[in-house]
Amino acid sequence: MSDGLPSGDLLAGLAGPSTEPLASGAVLLRGFAADEAAALLEAIGRIAAQAPFRHLVTPGGFRMSVAMTNCGAVGWISDRRGYRYGADDPETGKPWPAMPPLFRGLAGRAAREAGFPGFEPEACLINRYEPGARLTLHQDRDEGNLSHPIVSVSLGVPATFLFGGLDRKDKPRRFRVDHGDVAVWGGPSRLAFHGVDALKQGHHDLTGQLRYNLTFRKAL
Ligand code: MD6
Ligand code: FE
């Protein structure tokens with residue numbers, strides 16, 4: 001630290017976690033995963049050794065700029081046939097790696113903190129962003145049960161999260177999401193359009209120029 005000022009991470013650590021409303025049913029839990037973040041990243045490394053990150057193709061034939069893998073009983077996949085959840089990794093033909101208890105516990109605690117007790121996700125989609133990677137506005141609607149929330153954990157380089165309304169044309173609001181932040185949304189926001197701006201060049205000591213995101217879903 002050349003300027004002698006505490007880093008953003010340290011300030012967040014001093015302030016402790018805080019809750020920021022995004023919309024009805026959606027909150028950002030600032031720093032909620034900060035203490036576990038290094039262990040989460042180590043677990044991501046073990047998962048990716050079994051189920052490597054890959055760039056999926058959309059049903060329309062576009063290669064996604066975000067690289068993805070999964071853990072849990074089922075994983076989210078996209079190909080020319082559509083979007084869906086499946087028990088096996090199509091790349092390896094093997095089941096997705098099990099969801100680590102650390103992941104399950106964090107997701108349940110974050111959901112409870114946001115007002116959604118009893119969240120027991122079967123699926124964790126793991127997204128990896130390199131500089132320039134982005135996620136266009138979309139809804140998460142491939143899950144069998146929309147009465148449960150989604151829990152989303154940001155790790156590494158900060159990104160701009162876009163949060164719109166229930167109509168694709170609603171202008172999205174922009175939120176910075178930092179290492180250790182957890183977004184939870186459900187209820188009236190469950191089908192809100194959302195996305196991630198192209199990742200800017202940056203550096204995080206634990207991830208280099210990359211951002212990772214975990215999204216936990218009750219898929220079945
Ligand atoms: C990301 N997140 O932050 C992408 N979806 O990398 C999502 O698409 C997302 O963060 C549903 C709920 C929370 C999310
Ligand atoms: Fe999403």
# chains A, B, ... in the order shown; residues from 1 in each chain; ligands from 1

call {"tool": "residues_around", "arguments": {"residues": "Gly144 (chain A)", "least_positions_apart": "4", "cutoff": "12 Å", "atoms": "only C-alpha atoms", "output": "PyMOL selection string"}}
result
chain A and resi 84-85+121-123+140+148+217-220

call {"tool": "write_last_selection", "arguments": {"atoms": "N, CA, C and O atoms", "output": "PDB file, in the first residue's frame"}}
result
ATOM      1  N   ARG A  84     -30.570 -25.717 -19.470  1.00  0.00           N
ATOM      2  CA  ARG A  84     -31.196 -26.713 -18.592  1.00  0.00           C
ATOM      3  C   ARG A  84     -30.242 -27.070 -17.443  1.00  0.00           C
ATOM      4  O   ARG A  84     -29.071 -26.695 -17.449  1.00  0.00           O
ATOM      5  N   TYR A  85     -30.780 -27.819 -16.483  1.00  0.00           N
ATOM      6  CA  TYR A  85     -29.959 -28.390 -15.427  1.00  0.00           C
ATOM      7  C   TYR A  85     -29.750 -29.871 -15.714  1.00  0.00           C
ATOM      8  O   TYR A  85     -30.675 -30.555 -16.176  1.00  0.00           O
ATOM      9  N   PRO A 121     -29.840 -25.228  -1.510  1.00  0.00           N
ATOM     10  CA  PRO A 121     -29.616 -25.308  -2.956  1.00  0.00           C
ATOM     11  C   PRO A 121     -29.024 -26.657  -3.368  1.00  0.00           C
ATOM     12  O   PRO A 121     -28.212 -27.228  -2.648  1.00  0.00           O
ATOM     13  N   GLU A 122     -29.423 -27.137  -4.545  1.00  0.00           N
ATOM     14  CA  GLU A 122     -28.771 -28.338  -5.105  1.00  0.00           C
ATOM     15  C   GLU A 122     -27.702 -27.951  -6.117  1.00  0.00           C
ATOM     16  O   GLU A 122     -26.922 -28.806  -6.532  1.00  0.00           O
ATOM     17  N   ALA A 123     -27.752 -26.714  -6.592  1.00  0.00           N
ATOM     18  CA  ALA A 123     -26.904 -26.318  -7.714  1.00  0.00           C
ATOM     19  C   ALA A 123     -26.081 -25.098  -7.357  1.00  0.00           C
ATOM     20  O   ALA A 123     -26.586 -24.156  -6.746  1.00  0.00           O
ATOM     21  N   ASP A 140     -33.146 -15.417 -14.522  1.00  0.00           N
ATOM     22  CA  ASP A 140     -32.846 -16.802 -14.138  1.00  0.00           C
ATOM     23  C   ASP A 140     -34.187 -17.511 -13.986  1.00  0.00           C
ATOM     24  O   ASP A 140     -34.862 -17.337 -12.966  1.00  0.00           O
ATOM     25  N   HIS A 148     -37.966 -20.045  -4.291  1.00  0.00           N
ATOM     26  CA  HIS A 148     -36.716 -19.897  -3.540  1.00  0.00           C
ATOM     27  C   HIS A 148     -35.871 -18.779  -4.140  1.00  0.00           C
ATOM     28  O   HIS A 148     -35.936 -18.520  -5.334  1.00  0.00           O
ATOM     29  N   ARG A 217     -28.593 -22.059  -6.486  1.00  0.00           N
ATOM     30  CA  ARG A 217     -30.004 -22.140  -6.861  1.00  0.00           C
ATOM     31  C   ARG A 217     -30.645 -23.408  -6.330  1.00  0.00           C
ATOM     32  O   ARG A 217     -30.014 -24.465  -6.272  1.00  0.00           O
ATOM     33  N   LYS A 218     -31.898 -23.281  -5.975  1.00  0.00           N
ATOM     34  CA  LYS A 218     -32.729 -24.451  -5.738  1.00  0.00           C
ATOM     35  C   LYS A 218     -33.298 -24.759  -7.106  1.00  0.00           C
ATOM     36  O   LYS A 218     -34.183 -24.065  -7.606  1.00  0.00           O
ATOM     37  N   ALA A 219     -32.751 -25.779  -7.760  1.00  0.00           N
ATOM     38  CA  ALA A 219     -33.013 -26.001  -9.186  1.00  0.00           C
ATOM     39  C   ALA A 219     -34.172 -26.949  -9.420  1.00  0.00           C
ATOM     40  O   ALA A 219     -34.802 -26.910 -10.473  1.00  0.00           O
ATOM     41  N   LEU A 220     -34.421 -27.837  -8.469  1.00  0.00           N
ATOM     42  CA  LEU A 220     -35.324 -28.967  -8.737  1.00  0.00           C
ATOM     43  C   LEU A 220     -36.721 -28.735  -8.168  1.00  0.00           C
ATOM     44  O   LEU A 220     -36.912 -27.863  -7.338  1.00  0.00           O
TER      45      LEU A 220
END

call {"tool": "residues_around", "arguments": {"residues": "region 31-47 of chain A", "least_positions_apart": "5", "cutoff": "8 Å", "atoms": "only C-alpha atoms", "output": "VMD selection string"}}
result
chain A and resid 12 to 13 16 to 18 52 70 to 71 97 100 102 to 103 106 110 126 153 155 178 to 182 206

call {"tool": "write_last_selection", "arguments": {"atoms": "N, CA and C atoms", "output": "PDB file, in the first residue's frame"}}
result
ATOM      1  N   ALA A  12     -13.806  -2.492   4.593  1.00  0.00           N
ATOM      2  CA  ALA A  12     -15.008  -3.312   4.724  1.00  0.00           C
ATOM      3  C   ALA A  12     -14.900  -4.177   5.975  1.00  0.00           C
ATOM      4  N   GLY A  13     -13.675  -4.694   6.201  1.00  0.00           N
ATOM      5  CA  GLY A  13     -13.455  -5.532   7.370  1.00  0.00           C
ATOM      6  C   GLY A  13     -13.665  -4.755   8.663  1.00  0.00           C
ATOM      7  N   GLY A  16     -17.386  -4.042   9.124  1.00  0.00           N
ATOM      8  CA  GLY A  16     -18.209  -5.227   9.296  1.00  0.00           C
ATOM      9  C   GLY A  16     -19.225  -5.304   8.174  1.00  0.00           C
ATOM     10  N   PRO A  17     -19.922  -6.429   8.082  1.00  0.00           N
ATOM     11  CA  PRO A  17     -20.891  -6.581   7.010  1.00  0.00           C
ATOM     12  C   PRO A  17     -22.008  -5.557   7.139  1.00  0.00           C
ATOM     13  N   SER A  18     -22.576  -5.143   6.008  1.00  0.00           N
ATOM     14  CA  SER A  18     -23.730  -4.253   6.040  1.00  0.00           C
ATOM     15  C   SER A  18     -24.693  -4.690   4.950  1.00  0.00           C
ATOM     16  N   PRO A  52     -13.566 -28.800 -15.506  1.00  0.00           N
ATOM     17  CA  PRO A  52     -12.880 -27.575 -15.926  1.00  0.00           C
ATOM     18  C   PRO A  52     -13.831 -26.468 -16.378  1.00  0.00           C
ATOM     19  N   ASN A  70     -19.707 -26.084 -12.590  1.00  0.00           N
ATOM     20  CA  ASN A  70     -20.738 -26.251 -11.565  1.00  0.00           C
ATOM     21  C   ASN A  70     -20.259 -27.206 -10.488  1.00  0.00           C
ATOM     22  N   CYS A  71     -20.899 -27.110  -9.326  1.00  0.00           N
ATOM     23  CA  CYS A  71     -20.848 -28.196  -8.359  1.00  0.00           C
ATOM     24  C   CYS A  71     -22.256 -28.367  -7.789  1.00  0.00           C
ATOM     25  N   PRO A  97     -18.913 -32.252  -9.525  1.00  0.00           N
ATOM     26  CA  PRO A  97     -18.347 -32.416  -8.176  1.00  0.00           C
ATOM     27  C   PRO A  97     -19.385 -32.042  -7.104  1.00  0.00           C
ATOM     28  N   PRO A 100     -19.305 -28.402  -1.757  1.00  0.00           N
ATOM     29  CA  PRO A 100     -18.618 -28.441  -0.467  1.00  0.00           C
ATOM     30  C   PRO A 100     -19.535 -27.922   0.652  1.00  0.00           C
ATOM     31  N   LEU A 102     -18.867 -26.022   2.994  1.00  0.00           N
ATOM     32  CA  LEU A 102     -18.603 -24.582   3.156  1.00  0.00           C
ATOM     33  C   LEU A 102     -19.540 -23.749   2.274  1.00  0.00           C
ATOM     34  N   PHE A 103     -19.745 -24.214   1.040  1.00  0.00           N
ATOM     35  CA  PHE A 103     -20.614 -23.497   0.102  1.00  0.00           C
ATOM     36  C   PHE A 103     -22.061 -23.538   0.609  1.00  0.00           C
ATOM     37  N   LEU A 106     -22.666 -21.338   3.723  1.00  0.00           N
ATOM     38  CA  LEU A 106     -22.667 -19.903   3.417  1.00  0.00           C
ATOM     39  C   LEU A 106     -23.970 -19.512   2.728  1.00  0.00           C
ATOM     40  N   ALA A 110     -26.617 -16.806   4.265  1.00  0.00           N
ATOM     41  CA  ALA A 110     -26.893 -15.555   3.544  1.00  0.00           C
ATOM     42  C   ALA A 110     -28.384 -15.435   3.245  1.00  0.00           C
ATOM     43  N   ILE A 126     -20.662 -21.768 -11.159  1.00  0.00           N
ATOM     44  CA  ILE A 126     -19.447 -21.000 -10.889  1.00  0.00           C
ATOM     45  C   ILE A 126     -19.049 -20.279 -12.176  1.00  0.00           C
ATOM     46  N   VAL A 153     -22.405 -14.909  -4.846  1.00  0.00           N
ATOM     47  CA  VAL A 153     -21.205 -14.509  -4.113  1.00  0.00           C
ATOM     48  C   VAL A 153     -20.169 -13.974  -5.098  1.00  0.00           C
ATOM     49  N   LEU A 155     -16.280 -12.730  -5.919  1.00  0.00           N
ATOM     50  CA  LEU A 155     -14.910 -12.962  -5.471  1.00  0.00           C
ATOM     51  C   LEU A 155     -13.927 -12.357  -6.474  1.00  0.00           C
ATOM     52  N   ASP A 178     -18.022  -6.234  -4.829  1.00  0.00           N
ATOM     53  CA  ASP A 178     -16.634  -6.449  -4.445  1.00  0.00           C
ATOM     54  C   ASP A 178     -16.433  -7.854  -3.897  1.00  0.00           C
ATOM     55  N   HIS A 179     -15.171  -8.231  -3.824  1.00  0.00           N
ATOM     56  CA  HIS A 179     -14.733  -9.466  -3.177  1.00  0.00           C
ATOM     57  C   HIS A 179     -15.439  -9.650  -1.825  1.00  0.00           C
ATOM     58  N   GLY A 180     -16.156 -10.745  -1.680  1.00  0.00           N
ATOM     59  CA  GLY A 180     -16.809 -11.047  -0.407  1.00  0.00           C
ATOM     60  C   GLY A 180     -18.246 -10.566  -0.306  1.00  0.00           C
ATOM     61  N   ASP A 181     -18.726  -9.800  -1.295  1.00  0.00           N
ATOM     62  CA  ASP A 181     -20.124  -9.348  -1.256  1.00  0.00           C
ATOM     63  C   ASP A 181     -21.058 -10.496  -1.668  1.00  0.00           C
ATOM     64  N   VAL A 182     -22.227 -10.533  -1.064  1.00  0.00           N
ATOM     65  CA  VAL A 182     -23.215 -11.570  -1.389  1.00  0.00           C
ATOM     66  C   VAL A 182     -24.548 -10.897  -1.713  1.00  0.00           C
ATOM     67  N   LEU A 206      -5.804 -12.410  -4.551  1.00  0.00           N
ATOM     68  CA  LEU A 206      -6.135 -13.843  -4.539  1.00  0.00           C
ATOM     69  C   LEU A 206      -6.514 -14.392  -5.908  1.00  0.00           C
TER      70      LEU A 206
END

call {"tool": "residues_around", "arguments": {"residues": "region 192-201 of chain A", "least_positions_apart": "6", "cutoff": "12 Å", "atoms": "only C-alpha atoms", "output": "PyMOL selection string"}}
result
chain A and resi 22-26+65-66+127-141+146+149-150+154+156-177+183+185-186+208-213

call {"tool": "write_last_selection", "arguments": {"atoms": "C-alpha atoms", "output": "compact mmCIF listing (two decimals), in the first residue's frame"}}
result
# COMPACT_ATOMS: atom_id res chain seq x y z
CA LEU A 22 -31.40 -3.51 -4.16
CA ALA A 23 -35.15 -3.85 -4.70
CA SER A 24 -38.11 -5.51 -2.99
CA GLY A 25 -36.88 -9.03 -2.16
CA ALA A 26 -33.28 -8.31 -3.17
CA SER A 65 -17.44 -14.69 -22.72
CA VAL A 66 -17.85 -15.90 -19.11
CA ASN A 127 -18.69 -18.11 -13.27
CA ARG A 128 -15.20 -16.92 -14.14
CA TYR A 129 -14.72 -13.48 -15.72
CA GLU A 130 -11.55 -12.34 -17.45
CA PRO A 131 -11.15 -8.69 -18.48
CA GLY A 132 -13.84 -7.85 -21.04
CA ALA A 133 -16.11 -10.77 -20.09
CA ARG A 134 -19.74 -9.80 -19.48
CA LEU A 135 -23.18 -11.22 -18.93
CA THR A 136 -25.97 -9.59 -20.93
CA LEU A 137 -29.29 -8.83 -19.22
CA HIS A 138 -31.17 -12.04 -18.49
CA GLN A 139 -33.64 -13.65 -16.11
CA ASP A 140 -32.85 -16.80 -14.14
CA ARG A 141 -35.90 -18.86 -14.98
CA LEU A 146 -39.13 -19.98 -8.31
CA PRO A 149 -34.18 -17.08 -3.81
CA ILE A 150 -30.82 -17.07 -5.56
CA SER A 154 -18.63 -12.17 -5.69
CA GLY A 156 -11.79 -11.27 -6.83
CA VAL A 157 -11.76 -8.22 -9.09
CA PRO A 158 -14.80 -5.93 -8.55
CA ALA A 159 -17.53 -5.73 -11.18
CA THR A 160 -20.58 -3.65 -12.00
CA PHE A 161 -23.77 -5.56 -11.44
CA LEU A 162 -26.79 -4.43 -13.46
CA PHE A 163 -30.15 -4.83 -11.81
CA GLY A 164 -33.26 -4.05 -13.83
CA GLY A 165 -36.95 -4.77 -13.44
CA LEU A 166 -39.35 -7.46 -14.54
CA ASP A 167 -39.47 -6.02 -18.06
CA ARG A 168 -36.37 -6.25 -20.27
CA LYS A 169 -36.90 -2.58 -21.20
CA ASP A 170 -36.68 -1.36 -17.56
CA LYS A 171 -33.47 0.64 -17.23
CA PRO A 172 -31.07 -1.27 -14.97
CA ARG A 173 -29.48 0.32 -11.94
CA ARG A 174 -25.75 -0.26 -11.41
CA PHE A 175 -24.08 -1.63 -8.27
CA ARG A 176 -20.44 -2.26 -7.64
CA VAL A 177 -19.89 -5.79 -6.29
CA ALA A 183 -26.41 -10.70 -3.26
CA TRP A 185 -32.78 -12.12 -4.36
CA GLY A 186 -36.14 -13.74 -4.42
CA GLY A 208 -5.06 -11.88 -10.28
CA GLN A 209 -7.08 -10.22 -13.06
CA LEU A 210 -10.08 -12.52 -12.65
CA ARG A 211 -13.50 -12.27 -11.02
CA TYR A 212 -15.39 -15.34 -9.83
CA ASN A 213 -19.07 -15.56 -8.95

call {"tool": "closest_residue", "arguments": {"among": "A:Gly61, A:Val27, A:Ala98, A:Phe116", "to": "ligand 1", "atoms": "only C-alpha atoms and all ligand atoms"}}
result
A:Val27

call {"tool": "closest_residue", "arguments": {"among": "A:Glu20, A:Pro59, A:Trp96, A:Gly202", "to": "Gly72 (chain A)", "atoms": "only C-alpha atoms"}}
result
A:Trp96

call {"tool": "closest_residue", "arguments": {"among": "A:Val151, A:Ile77, A:Leu214, A:Ala111", "to": "Leu125 (chain A)", "atoms": "only C-alpha atoms"}}
result
A:Leu214

call {"tool": "atom_distance", "arguments": {"atom1": "CA of Ala107 (chain A)", "atom2": "CA of Leu191 (chain A)"}}
result
19.1 Å

call {"tool": "select_by_dssp", "arguments": {"residues": "region 86-149 of chain A", "states": "strand (DSSP E)", "output": "MDAnalysis selection string"}}
result
chainID A and resid 86 123:129 135:138

call {"tool": "select_by_dssp", "arguments": {"residues": "region 12-219 of chain A", "states": "helix (DSSP H, G or I)", "output": "MDAnalysis selection string"}}
result
chainID A and resid 12:15 34:50 101:113 187:189

call {"tool": "write_last_selection", "arguments": {"atoms": "N, CA and C atoms", "output": "mmCIF file, in the first residue's frame"}}
result
data_model
loop_
_atom_site.group_PDB
_atom_site.id
_atom_site.type_symbol
_atom_site.label_atom_id
_atom_site.label_comp_id
_atom_site.auth_asym_id
_atom_site.auth_seq_id
_atom_site.Cartn_x
_atom_site.Cartn_y
_atom_site.Cartn_z
ATOM 1 N N ALA A 12 -13.806 -2.492 4.593
ATOM 2 C CA ALA A 12 -15.008 -3.312 4.724
ATOM 3 C C ALA A 12 -14.900 -4.177 5.975
ATOM 4 N N GLY A 13 -13.675 -4.694 6.201
ATOM 5 C CA GLY A 13 -13.455 -5.532 7.370
ATOM 6 C C GLY A 13 -13.665 -4.755 8.663
ATOM 7 N N LEU A 14 -13.208 -3.503 8.687
ATOM 8 C CA LEU A 14 -13.366 -2.690 9.897
ATOM 9 C C LEU A 14 -14.824 -2.344 10.124
ATOM 10 N N ALA A 15 -15.531 -2.058 9.020
ATOM 11 C CA ALA A 15 -16.926 -1.650 9.142
ATOM 12 C C ALA A 15 -17.816 -2.843 9.476
ATOM 13 N N ALA A 34 -16.550 -12.374 3.303
ATOM 14 C CA ALA A 34 -15.144 -11.956 3.292
ATOM 15 C C ALA A 34 -14.241 -12.929 4.045
ATOM 16 N N ASP A 35 -14.691 -13.392 5.207
ATOM 17 C CA ASP A 35 -13.833 -14.271 6.013
ATOM 18 C C ASP A 35 -13.601 -15.625 5.350
ATOM 19 N N GLU A 36 -14.554 -16.066 4.530
ATOM 20 C CA GLU A 36 -14.459 -17.385 3.906
ATOM 21 C C GLU A 36 -13.899 -17.332 2.497
ATOM 22 N N ALA A 37 -13.654 -16.127 1.997
ATOM 23 C CA ALA A 37 -13.378 -15.976 0.563
ATOM 24 C C ALA A 37 -12.171 -16.789 0.095
ATOM 25 N N ALA A 38 -11.101 -16.794 0.873
ATOM 26 C CA ALA A 38 -9.912 -17.532 0.436
ATOM 27 C C ALA A 38 -10.204 -19.022 0.371
ATOM 28 N N ALA A 39 -10.942 -19.532 1.344
ATOM 29 C CA ALA A 39 -11.300 -20.949 1.338
ATOM 30 C C ALA A 39 -12.253 -21.274 0.182
ATOM 31 N N LEU A 40 -13.133 -20.345 -0.143
ATOM 32 C CA LEU A 40 -14.027 -20.553 -1.300
ATOM 33 C C LEU A 40 -13.208 -20.671 -2.582
ATOM 34 N N LEU A 41 -12.212 -19.803 -2.722
ATOM 35 C CA LEU A 41 -11.385 -19.837 -3.933
ATOM 36 C C LEU A 41 -10.580 -21.131 -4.013
ATOM 37 N N GLU A 42 -10.090 -21.619 -2.887
ATOM 38 C CA GLU A 42 -9.375 -22.901 -2.909
ATOM 39 C C GLU A 42 -10.305 -24.022 -3.341
ATOM 40 N N ALA A 43 -11.531 -23.984 -2.836
ATOM 41 C CA ALA A 43 -12.502 -25.020 -3.228
ATOM 42 C C ALA A 43 -12.843 -24.923 -4.710
ATOM 43 N N ILE A 44 -12.933 -23.688 -5.235
ATOM 44 C CA ILE A 44 -13.191 -23.532 -6.672
ATOM 45 C C ILE A 44 -12.069 -24.194 -7.474
ATOM 46 N N GLY A 45 -10.832 -24.033 -7.008
ATOM 47 C CA GLY A 45 -9.701 -24.668 -7.695
ATOM 48 C C GLY A 45 -9.827 -26.184 -7.717
ATOM 49 N N ARG A 46 -10.278 -26.765 -6.611
ATOM 50 C CA ARG A 46 -10.443 -28.229 -6.569
ATOM 51 C C ARG A 46 -11.583 -28.675 -7.481
ATOM 52 N N ILE A 47 -12.654 -27.913 -7.502
ATOM 53 C CA ILE A 47 -13.791 -28.256 -8.378
ATOM 54 C C ILE A 47 -13.361 -28.177 -9.849
ATOM 55 N N ALA A 48 -12.633 -27.098 -10.187
ATOM 56 C CA ALA A 48 -12.247 -26.907 -11.587
ATOM 57 C C ALA A 48 -11.234 -27.955 -12.051
ATOM 58 N N ALA A 49 -10.520 -28.577 -11.099
ATOM 59 C CA ALA A 49 -9.603 -29.658 -11.483
ATOM 60 C C ALA A 49 -10.391 -30.887 -11.946
ATOM 61 N N GLN A 50 -11.624 -31.039 -11.460
ATOM 62 C CA GLN A 50 -12.463 -32.179 -11.853
ATOM 63 C C GLN A 50 -13.421 -31.818 -12.985
ATOM 64 N N PRO A 101 -19.467 -28.503 1.847
ATOM 65 C CA PRO A 101 -20.272 -28.023 2.974
ATOM 66 C C PRO A 101 -20.075 -26.528 3.233
ATOM 67 N N LEU A 102 -18.867 -26.022 2.994
ATOM 68 C CA LEU A 102 -18.603 -24.582 3.156
ATOM 69 C C LEU A 102 -19.540 -23.749 2.274
ATOM 70 N N PHE A 103 -19.745 -24.214 1.040
ATOM 71 C CA PHE A 103 -20.614 -23.497 0.102
ATOM 72 C C PHE A 103 -22.061 -23.538 0.609
ATOM 73 N N ARG A 104 -22.504 -24.749 0.937
ATOM 74 C CA ARG A 104 -23.893 -24.953 1.358
ATOM 75 C C ARG A 104 -24.216 -24.098 2.585
ATOM 76 N N GLY A 105 -23.266 -24.102 3.540
ATOM 77 C CA GLY A 105 -23.478 -23.359 4.782
ATOM 78 C C GLY A 105 -23.575 -21.859 4.536
ATOM 79 N N LEU A 106 -22.666 -21.338 3.723
ATOM 80 C CA LEU A 106 -22.667 -19.903 3.417
ATOM 81 C C LEU A 106 -23.970 -19.512 2.728
ATOM 82 N N ALA A 107 -24.407 -20.308 1.753
ATOM 83 C CA ALA A 107 -25.631 -19.981 1.006
ATOM 84 C C ALA A 107 -26.836 -19.945 1.947
ATOM 85 N N GLY A 108 -26.915 -20.922 2.837
ATOM 86 C CA GLY A 108 -28.044 -20.970 3.767
ATOM 87 C C GLY A 108 -28.050 -19.789 4.722
ATOM 88 N N ARG A 109 -26.857 -19.426 5.232
ATOM 89 C CA ARG A 109 -26.779 -18.299 6.186
ATOM 90 C C ARG A 109 -27.105 -16.970 5.504
ATOM 91 N N ALA A 110 -26.617 -16.806 4.265
ATOM 92 C CA ALA A 110 -26.893 -15.555 3.544
ATOM 93 C C ALA A 110 -28.384 -15.435 3.245
ATOM 94 N N ALA A 111 -28.993 -16.533 2.817
ATOM 95 C CA ALA A 111 -30.430 -16.495 2.506
ATOM 96 C C ALA A 111 -31.230 -16.156 3.765
ATOM 97 N N ARG A 112 -30.851 -16.774 4.886
ATOM 98 C CA ARG A 112 -31.565 -16.507 6.142
ATOM 99 C C ARG A 112 -31.427 -15.040 6.516
ATOM 100 N N GLU A 113 -30.208 -14.509 6.393
ATOM 101 C CA GLU A 113 -29.956 -13.093 6.712
ATOM 102 C C GLU A 113 -30.845 -12.178 5.864
ATOM 103 N N GLY A 187 -38.504 -13.667 -4.018
ATOM 104 C CA GLY A 187 -39.804 -13.009 -3.878
ATOM 105 C C GLY A 187 -40.117 -12.185 -5.106
ATOM 106 N N PRO A 188 -40.527 -10.909 -4.897
ATOM 107 C CA PRO A 188 -40.949 -10.078 -6.018
ATOM 108 C C PRO A 188 -39.828 -9.774 -7.013
ATOM 109 N N SER A 189 -38.558 -9.998 -6.617
ATOM 110 C CA SER A 189 -37.436 -9.726 -7.520
ATOM 111 C C SER A 189 -36.923 -10.983 -8.213
#

call {"tool": "closest_residue", "arguments": {"among": "A:Pro95, A:Trp76, A:Asp205, A:Leu29", "to": "ligand 2", "atoms": "only C-alpha atoms and all ligand atoms"}}
result
A:Trp76

call {"tool": "closest_residue", "arguments": {"among": "A:Arg81, A:Val184, A:Val57, A:Asp89", "to": "Pro117 (chain A)", "atoms": "only C-alpha atoms"}}
result
A:Val184

call {"tool": "atom_distance", "arguments": {"atom1": "CA of Ala67 (chain A)", "atom2": "CA of Leu28 (chain A)"}}
result
23.7 Å

call {"tool": "atom_distance", "arguments": {"atom1": "atom 11 (C, counted along the ligand's line) of ligand 1", "atom2": "CA of Pro90 (chain A)"}}
result
22.6 Å

call {"tool": "closest_residue", "arguments": {"among": "A:Phe62, A:Met99, A:Arg30, A:Thr19", "to": "Gly75 (chain A)", "atoms": "only C-alpha atoms"}}
result
A:Met99

call {"tool": "decode", "arguments": {"residues": "region 79-91 of chain A", "atoms": "N, CA, C and O atoms", "output": "PDB file, in the first residue's frame"}}
result
ATOM      1  N   ASP A  79     -26.455 -25.144 -24.403  1.00  0.00           N
ATOM      2  CA  ASP A  79     -25.887 -25.565 -25.683  1.00  0.00           C
ATOM      3  C   ASP A  79     -26.901 -25.256 -26.775  1.00  0.00           C
ATOM      4  O   ASP A  79     -27.892 -24.555 -26.513  1.00  0.00           O
ATOM      5  N   ARG A  80     -26.703 -25.753 -27.979  1.00  0.00           N
ATOM      6  CA  ARG A  80     -27.601 -25.427 -29.087  1.00  0.00           C
ATOM      7  C   ARG A  80     -29.029 -25.890 -28.805  1.00  0.00           C
ATOM      8  O   ARG A  80     -29.969 -25.385 -29.387  1.00  0.00           O
ATOM      9  N   ARG A  81     -29.156 -26.869 -27.892  1.00  0.00           N
ATOM     10  CA  ARG A  81     -30.507 -27.391 -27.612  1.00  0.00           C
ATOM     11  C   ARG A  81     -31.256 -26.552 -26.584  1.00  0.00           C
ATOM     12  O   ARG A  81     -32.467 -26.727 -26.408  1.00  0.00           O
ATOM     13  N   GLY A  82     -30.573 -25.680 -25.858  1.00  0.00           N
ATOM     14  CA  GLY A  82     -31.265 -24.835 -24.885  1.00  0.00           C
ATOM     15  C   GLY A  82     -30.509 -24.741 -23.575  1.00  0.00           C
ATOM     16  O   GLY A  82     -29.357 -25.177 -23.467  1.00  0.00           O
ATOM     17  N   TYR A  83     -31.180 -24.150 -22.589  1.00  0.00           N
ATOM     18  CA  TYR A  83     -30.660 -24.039 -21.222  1.00  0.00           C
ATOM     19  C   TYR A  83     -31.317 -25.110 -20.380  1.00  0.00           C
ATOM     20  O   TYR A  83     -32.512 -25.367 -20.511  1.00  0.00           O
ATOM     21  N   ARG A  84     -30.570 -25.717 -19.470  1.00  0.00           N
ATOM     22  CA  ARG A  84     -31.196 -26.713 -18.592  1.00  0.00           C
ATOM     23  C   ARG A  84     -30.242 -27.070 -17.443  1.00  0.00           C
ATOM     24  O   ARG A  84     -29.071 -26.695 -17.449  1.00  0.00           O
ATOM     25  N   TYR A  85     -30.780 -27.819 -16.483  1.00  0.00           N
ATOM     26  CA  TYR A  85     -29.959 -28.390 -15.427  1.00  0.00           C
ATOM     27  C   TYR A  85     -29.750 -29.871 -15.714  1.00  0.00           C
ATOM     28  O   TYR A  85     -30.675 -30.555 -16.176  1.00  0.00           O
ATOM     29  N   GLY A  86     -28.540 -30.369 -15.428  1.00  0.00           N
ATOM     30  CA  GLY A  86     -28.260 -31.781 -15.632  1.00  0.00           C
ATOM     31  C   GLY A  86     -27.328 -32.295 -14.557  1.00  0.00           C
ATOM     32  O   GLY A  86     -26.523 -31.539 -13.992  1.00  0.00           O
ATOM     33  N   ALA A  87     -27.412 -33.601 -14.260  1.00  0.00           N
ATOM     34  CA  ALA A  87     -26.612 -34.199 -13.189  1.00  0.00           C
ATOM     35  C   ALA A  87     -25.164 -34.439 -13.612  1.00  0.00           C
ATOM     36  O   ALA A  87     -24.275 -34.518 -12.749  1.00  0.00           O
ATOM     37  N   ASP A  88     -24.918 -34.555 -14.919  1.00  0.00           N
ATOM     38  CA  ASP A  88     -23.566 -34.875 -15.387  1.00  0.00           C
ATOM     39  C   ASP A  88     -22.955 -33.709 -16.148  1.00  0.00           C
ATOM     40  O   ASP A  88     -23.656 -32.949 -16.820  1.00  0.00           O
ATOM     41  N   ASP A  89     -21.639 -33.611 -16.034  1.00  0.00           N
ATOM     42  CA  ASP A  89     -20.878 -32.638 -16.815  1.00  0.00           C
ATOM     43  C   ASP A  89     -20.780 -33.160 -18.244  1.00  0.00           C
ATOM     44  O   ASP A  89     -20.181 -34.212 -18.469  1.00  0.00           O
ATOM     45  N   PRO A  90     -21.337 -32.443 -19.211  1.00  0.00           N
ATOM     46  CA  PRO A  90     -21.288 -32.966 -20.585  1.00  0.00           C
ATOM     47  C   PRO A  90     -19.861 -33.101 -21.128  1.00  0.00           C
ATOM     48  O   PRO A  90     -19.615 -33.896 -22.028  1.00  0.00           O
ATOM     49  N   GLU A  91     -18.909 -32.343 -20.560  1.00  0.00           N
ATOM     50  CA  GLU A  91     -17.511 -32.425 -21.031  1.00  0.00           C
ATOM     51  C   GLU A  91     -16.845 -33.727 -20.622  1.00  0.00           C
ATOM     52  O   GLU A  91     -16.045 -34.280 -21.364  1.00  0.00           O
TER      53      GLU A  91
END
